[in-house]
file start-v9.cif (mmCIF, C-alpha atoms)
data_my_file
loop_
_atom_site.group_PDB
_atom_site.id
_atom_site.type_symbol
_atom_site.label_atom_id
_atom_site.label_comp_id
_atom_site.auth_asym_id
_atom_site.auth_seq_id
_atom_site.Cartn_x
_atom_site.Cartn_y
_atom_site.Cartn_z
ATOM 1 C CA MET A 15 7.896 -93.469 -47.687
ATOM 2 C CA ILE A 16 5.550 -91.587 -49.990
ATOM 3 C CA ARG A 17 7.077 -89.804 -52.955
ATOM 4 C CA HIS A 18 5.163 -86.793 -54.253
ATOM 5 C CA ILE A 19 6.069 -85.510 -57.724
ATOM 6 C CA VAL A 20 4.256 -82.654 -59.452
ATOM 7 C CA PHE A 21 4.902 -81.288 -62.938
ATOM 8 C CA PHE A 22 3.818 -77.821 -64.067
ATOM 9 C CA THR A 23 3.621 -76.165 -67.459
ATOM 10 C CA ALA A 24 3.457 -72.388 -67.633
ATOM 11 C CA ILE A 25 0.873 -70.504 -69.669
ATOM 12 C CA ASN A 26 3.837 -68.656 -71.154
ATOM 13 C CA ASP A 27 7.597 -68.617 -70.597
ATOM 14 C CA ASP A 28 7.404 -65.300 -68.741
ATOM 15 C CA ASN A 29 5.581 -67.115 -65.905
ATOM 16 C CA ILE A 30 8.136 -69.873 -65.290
ATOM 17 C CA GLU A 31 10.230 -68.047 -62.686
ATOM 18 C CA SER A 32 7.109 -66.772 -60.891
ATOM 19 C CA ILE A 33 5.787 -70.335 -60.715
ATOM 20 C CA ARG A 34 9.085 -71.554 -59.276
ATOM 21 C CA LYS A 35 9.094 -68.770 -56.685
ATOM 22 C CA GLY A 36 5.451 -69.418 -55.821
ATOM 23 C CA LEU A 37 6.265 -73.071 -55.225
ATOM 24 C CA GLN A 38 9.449 -72.317 -53.297
ATOM 25 C CA MET A 39 7.366 -71.346 -50.260
ATOM 26 C CA LEU A 40 6.380 -75.024 -49.971
ATOM 27 C CA THR A 41 9.883 -75.777 -48.677
ATOM 28 C CA GLY A 42 8.911 -74.027 -45.432
ATOM 29 C CA ILE A 43 6.188 -76.571 -44.648
ATOM 30 C CA PRO A 44 7.568 -78.871 -41.910
ATOM 31 C CA HIS A 45 5.906 -82.171 -42.877
ATOM 32 C CA ALA A 46 8.219 -83.193 -45.737
ATOM 33 C CA GLN A 47 11.383 -85.164 -45.064
ATOM 34 C CA HIS A 48 12.772 -83.734 -48.299
ATOM 35 C CA LEU A 49 11.346 -81.203 -50.756
ATOM 36 C CA GLU A 50 12.813 -79.754 -53.944
ATOM 37 C CA ILE A 51 11.504 -77.213 -56.440
ATOM 38 C CA SER A 52 13.363 -77.182 -59.743
ATOM 39 C CA LEU A 53 13.224 -76.066 -63.337
ATOM 40 C CA ASN A 54 13.123 -78.771 -65.985
ATOM 41 C CA ARG A 55 16.438 -78.962 -67.853
ATOM 42 C CA LYS A 56 14.456 -79.942 -70.969
ATOM 43 C CA SER A 57 17.241 -82.251 -72.092
ATOM 44 C CA ASP A 58 14.910 -85.049 -73.270
ATOM 45 C CA PRO A 59 14.399 -84.525 -77.012
ATOM 46 C CA ASN A 60 10.965 -86.196 -76.868
ATOM 47 C CA SER A 61 9.479 -84.132 -74.044
ATOM 48 C CA LYS A 62 10.143 -80.476 -73.362
ATOM 49 C CA GLU A 63 6.653 -79.481 -72.182
ATOM 50 C CA ILE A 64 7.215 -79.536 -68.414
ATOM 51 C CA ASP A 65 8.632 -76.307 -66.979
ATOM 52 C CA VAL A 66 8.773 -76.754 -63.186
ATOM 53 C CA VAL A 67 8.977 -79.842 -60.954
ATOM 54 C CA VAL A 68 8.168 -80.380 -57.277
ATOM 55 C CA TYR A 69 9.722 -83.483 -55.699
ATOM 56 C CA GLY A 70 8.926 -84.430 -52.116
ATOM 57 C CA GLU A 71 9.431 -87.335 -49.737
ATOM 58 C CA PHE A 72 7.052 -87.939 -46.832
ATOM 59 C CA ALA A 73 7.167 -90.498 -44.027
ATOM 60 C CA ASP A 74 3.599 -91.652 -44.661
ATOM 61 C CA ASP A 75 0.176 -90.671 -45.982
ATOM 62 C CA ALA A 76 -0.554 -88.665 -42.823
ATOM 63 C CA ALA A 77 2.538 -86.490 -43.350
ATOM 64 C CA LEU A 78 1.580 -85.876 -46.987
ATOM 65 C CA ALA A 79 -1.989 -85.012 -45.957
ATOM 66 C CA ALA A 80 -0.702 -82.584 -43.304
ATOM 67 C CA TYR A 81 1.546 -80.951 -45.935
ATOM 68 C CA LYS A 82 -1.412 -80.506 -48.301
ATOM 69 C CA ALA A 83 -3.584 -79.126 -45.467
ATOM 70 C CA HIS A 84 -1.001 -76.503 -44.440
ATOM 71 C CA GLU A 85 -1.952 -72.844 -44.990
ATOM 72 C CA THR A 86 1.260 -72.254 -46.963
ATOM 73 C CA TYR A 87 0.204 -74.960 -49.430
ATOM 74 C CA ALA A 88 -3.075 -73.098 -50.031
ATOM 75 C CA GLU A 89 -1.196 -69.817 -50.506
ATOM 76 C CA SER A 90 1.144 -71.436 -53.019
ATOM 77 C CA ILE A 91 -1.839 -72.708 -55.015
ATOM 78 C CA ARG A 92 -3.363 -69.225 -54.956
ATOM 79 C CA ARG A 93 -0.181 -67.743 -56.429
ATOM 80 C CA VAL A 94 0.670 -70.451 -58.963
ATOM 81 C CA LYS A 95 -2.680 -71.583 -60.360
ATOM 82 C CA PRO A 96 -3.295 -68.454 -62.496
ATOM 83 C CA LEU A 97 0.186 -68.803 -64.041
ATOM 84 C CA ARG A 98 0.113 -72.464 -64.985
ATOM 85 C CA GLU A 99 -1.489 -74.259 -67.886
ATOM 86 C CA LEU A 100 -1.225 -77.864 -66.707
ATOM 87 C CA ARG A 101 -0.441 -79.666 -63.452
ATOM 88 C CA PHE A 102 0.288 -83.383 -63.236
ATOM 89 C CA ALA A 103 0.767 -85.002 -59.818
ATOM 90 C CA VAL A 104 1.888 -88.451 -58.702
ATOM 91 C CA ASP A 105 1.979 -89.821 -55.151
ATOM 92 C CA TYR A 106 3.394 -93.310 -54.748
ATOM 93 C CA ASP A 107 4.589 -95.598 -51.977
ATOM 94 C CA GLN A 108 8.306 -96.145 -52.455
ATOM 95 C CA ALA A 109 8.036 -99.571 -50.786
ATOM 96 C CA GLN A 110 5.781 -100.726 -53.650
ATOM 97 C CA ALA A 111 8.075 -99.478 -56.430
ATOM 98 C CA LEU A 112 9.778 -101.964 -58.724
ATOM 99 C CA THR A 113 13.531 -101.549 -58.380
ATOM 100 C CA ALA A 114 14.983 -104.598 -60.165
ATOM 101 C CA PRO A 115 14.375 -106.574 -63.360
ATOM 102 C CA ASP A 116 11.567 -109.148 -63.190
ATOM 103 C CA GLY A 117 12.645 -112.186 -61.175
ATOM 104 C CA GLN A 118 15.517 -110.404 -59.436
ATOM 105 C CA ALA A 119 15.383 -108.924 -55.977
#
call {"tool": "encode", "arguments": {"input": "start-v9.cif", "output": "structure tokens"}}
result
Amino acid sequence: MIRHIVFFTAINDDNIESIRKGLQMLTGIPHAQHLEISLNRKSDPNSKEIDVVVYGEFADDAALAAYKAHETYAESIRRVKPLRELRFAVDYDQAQALTAPDGQA
């Protein structure tokens, strides 16, 4: 399974809800097994910069590629890009993730 996590910062606080709504349309793309759009709770005292988070799970690289190639994905980018300052994305294979202390399985 591929996990897709994207963090967004808004140019200003007035844009946060518009970013979230612009990303919400991604949930209509059929290629994700699971997709969430959420606001950052900003409860970590060392990091409050991130405003909106996208979290998705995809069966494989082909499903993620199909999601990114979907016309709704392009429309979401068109709406959100002018409102955001930064975007950080991570795609990783869950099967390769470390899930236990070194030496323990």
call {"tool": "closest_residue", "arguments": {"input": "start-v9.cif", "among": "A:Asp65, A:Gly42, A:Leu100, A:Arg17", "to": "A:Tyr87", "atoms": "all atoms listed in the file"}}
result
A:Gly42
call {"tool": "closest_residue", "arguments": {"input": "start-v9.cif", "among": "A:Pro44, A:Pro59, A:Gly70, A:Gly36", "to": "A:Ala103", "atoms": "all atoms listed in the file"}}
result
A:Gly70
call {"tool": "closest_residue", "arguments": {"input": "start-v9.cif", "among": "A:Glu63, A:Glu31, A:Glu85, A:Asp75", "to": "A:Ile43", "atoms": "only C-alpha atoms"}}
result
A:Glu85
call {"tool": "atom_distance", "arguments": {"input": "start-v9.cif", "atom1": "atom CA of A:Asp107", "atom2": "atom CA of A:Arg92"}}
result
27.7 Å
call {"tool": "residues_around", "arguments": {"input": "start-v9.cif", "residues": "A:Leu53", "least_positions_apart": "6", "cutoff": "8 Å", "atoms": "all atoms listed in the file", "output": "ChimeraX atom specification"}}
result
/A:34,65-67
call {"tool": "decode", "arguments": {"input": "start-v9.cif", "residues": "stretch 39-114 of chain A", "atoms": "C-alpha atoms", "output": "PDB file, in the first residue's frame"}}
result
ATOM      1  CA  MET A  39     -13.109  17.520  -4.190  1.00  0.00           C
ATOM      2  CA  LEU A  40     -10.239  15.001  -4.229  1.00  0.00           C
ATOM      3  CA  THR A  41     -12.392  12.638  -2.156  1.00  0.00           C
ATOM      4  CA  GLY A  42     -14.517  12.066  -5.269  1.00  0.00           C
ATOM      5  CA  ILE A  43     -11.619  10.527  -7.203  1.00  0.00           C
ATOM      6  CA  PRO A  44     -12.195   6.738  -7.243  1.00  0.00           C
ATOM      7  CA  HIS A  45      -8.588   5.489  -7.131  1.00  0.00           C
ATOM      8  CA  ALA A  46      -7.907   5.950  -3.403  1.00  0.00           C
ATOM      9  CA  GLN A  47      -8.763   3.219  -0.922  1.00  0.00           C
ATOM     10  CA  HIS A  48      -8.990   5.925   1.735  1.00  0.00           C
ATOM     11  CA  LEU A  49      -8.672   9.709   1.516  1.00  0.00           C
ATOM     12  CA  GLU A  50      -8.978  12.377   4.201  1.00  0.00           C
ATOM     13  CA  ILE A  51      -8.717  16.161   4.092  1.00  0.00           C
ATOM     14  CA  SER A  52      -8.259  17.784   7.487  1.00  0.00           C
ATOM     15  CA  LEU A  53      -7.217  20.932   9.272  1.00  0.00           C
ATOM     16  CA  ASN A  54      -4.118  20.745  11.440  1.00  0.00           C
ATOM     17  CA  ARG A  55      -5.038  20.872  15.134  1.00  0.00           C
ATOM     18  CA  LYS A  56      -1.764  22.747  15.734  1.00  0.00           C
ATOM     19  CA  SER A  57      -1.327  21.040  19.087  1.00  0.00           C
ATOM     20  CA  ASP A  58       2.438  20.474  18.695  1.00  0.00           C
ATOM     21  CA  PRO A  59       4.157  23.402  20.428  1.00  0.00           C
ATOM     22  CA  ASN A  60       7.194  23.097  18.128  1.00  0.00           C
ATOM     23  CA  SER A  61       5.359  23.165  14.801  1.00  0.00           C
ATOM     24  CA  LYS A  62       2.232  25.133  14.016  1.00  0.00           C
ATOM     25  CA  GLU A  63       3.048  26.070  10.407  1.00  0.00           C
ATOM     26  CA  ILE A  64       0.977  23.443   8.583  1.00  0.00           C
ATOM     27  CA  ASP A  65      -2.662  24.410   8.022  1.00  0.00           C
ATOM     28  CA  VAL A  66      -4.242  21.608   5.957  1.00  0.00           C
ATOM     29  CA  VAL A  67      -3.373  17.920   5.515  1.00  0.00           C
ATOM     30  CA  VAL A  68      -4.284  15.397   2.817  1.00  0.00           C
ATOM     31  CA  TYR A  69      -3.882  11.737   3.801  1.00  0.00           C
ATOM     32  CA  GLY A  70      -4.485   8.981   1.268  1.00  0.00           C
ATOM     33  CA  GLU A  71      -3.982   5.242   0.923  1.00  0.00           C
ATOM     34  CA  PHE A  72      -3.570   3.616  -2.490  1.00  0.00           C
ATOM     35  CA  ALA A  73      -3.271  -0.041  -3.472  1.00  0.00           C
ATOM     36  CA  ASP A  74      -0.130   0.560  -5.531  1.00  0.00           C
ATOM     37  CA  ASP A  75       1.839   3.080  -7.582  1.00  0.00           C
ATOM     38  CA  ALA A  76      -0.556   2.676 -10.520  1.00  0.00           C
ATOM     39  CA  ALA A  77      -3.546   3.682  -8.372  1.00  0.00           C
ATOM     40  CA  LEU A  78      -1.675   6.734  -7.063  1.00  0.00           C
ATOM     41  CA  ALA A  79      -0.656   7.696 -10.610  1.00  0.00           C
ATOM     42  CA  ALA A  80      -4.265   7.346 -11.810  1.00  0.00           C
ATOM     43  CA  TYR A  81      -5.411   9.563  -8.909  1.00  0.00           C
ATOM     44  CA  LYS A  82      -2.864  12.243  -9.848  1.00  0.00           C
ATOM     45  CA  ALA A  83      -3.852  12.013 -13.538  1.00  0.00           C
ATOM     46  CA  HIS A  84      -7.577  12.481 -12.821  1.00  0.00           C
ATOM     47  CA  GLU A  85      -9.183  15.704 -14.097  1.00  0.00           C
ATOM     48  CA  THR A  86     -10.512  16.482 -10.606  1.00  0.00           C
ATOM     49  CA  TYR A  87      -6.940  16.450  -9.275  1.00  0.00           C
ATOM     50  CA  ALA A  88      -5.978  19.090 -11.860  1.00  0.00           C
ATOM     51  CA  GLU A  89      -9.018  21.194 -10.934  1.00  0.00           C
ATOM     52  CA  SER A  90      -8.123  20.999  -7.250  1.00  0.00           C
ATOM     53  CA  ILE A  91      -4.601  22.228  -8.017  1.00  0.00           C
ATOM     54  CA  ARG A  92      -6.045  25.096 -10.053  1.00  0.00           C
ATOM     55  CA  ARG A  93      -8.182  26.194  -7.100  1.00  0.00           C
ATOM     56  CA  VAL A  94      -5.689  25.663  -4.275  1.00  0.00           C
ATOM     57  CA  LYS A  95      -2.330  26.709  -5.715  1.00  0.00           C
ATOM     58  CA  PRO A  96      -3.031  30.483  -5.653  1.00  0.00           C
ATOM     59  CA  LEU A  97      -4.097  30.243  -1.989  1.00  0.00           C
ATOM     60  CA  ARG A  98      -1.187  28.272  -0.594  1.00  0.00           C
ATOM     61  CA  GLU A  99       2.305  29.320   0.362  1.00  0.00           C
ATOM     62  CA  LEU A 100       3.978  25.926   0.724  1.00  0.00           C
ATOM     63  CA  ARG A 101       3.175  22.326  -0.201  1.00  0.00           C
ATOM     64  CA  PHE A 102       5.107  19.341   1.120  1.00  0.00           C
ATOM     65  CA  ALA A 103       4.284  15.853  -0.179  1.00  0.00           C
ATOM     66  CA  VAL A 104       5.385  12.366   0.835  1.00  0.00           C
ATOM     67  CA  ASP A 105       4.560   9.080  -0.900  1.00  0.00           C
ATOM     68  CA  TYR A 106       5.853   5.941   0.777  1.00  0.00           C
ATOM     69  CA  ASP A 107       5.362   2.191   0.572  1.00  0.00           C
ATOM     70  CA  GLN A 108       3.785   1.056   3.825  1.00  0.00           C
ATOM     71  CA  ALA A 109       5.419  -2.375   3.441  1.00  0.00           C
ATOM     72  CA  GLN A 110       8.851  -0.710   3.723  1.00  0.00           C
ATOM     73  CA  ALA A 111       8.002   1.316   6.841  1.00  0.00           C
ATOM     74  CA  LEU A 112       9.740   0.545  10.117  1.00  0.00           C
ATOM     75  CA  THR A 113       7.118  -0.447  12.670  1.00  0.00           C
ATOM     76  CA  ALA A 114       9.133  -1.874  15.584  1.00  0.00           C
TER      77      ALA A 114
END
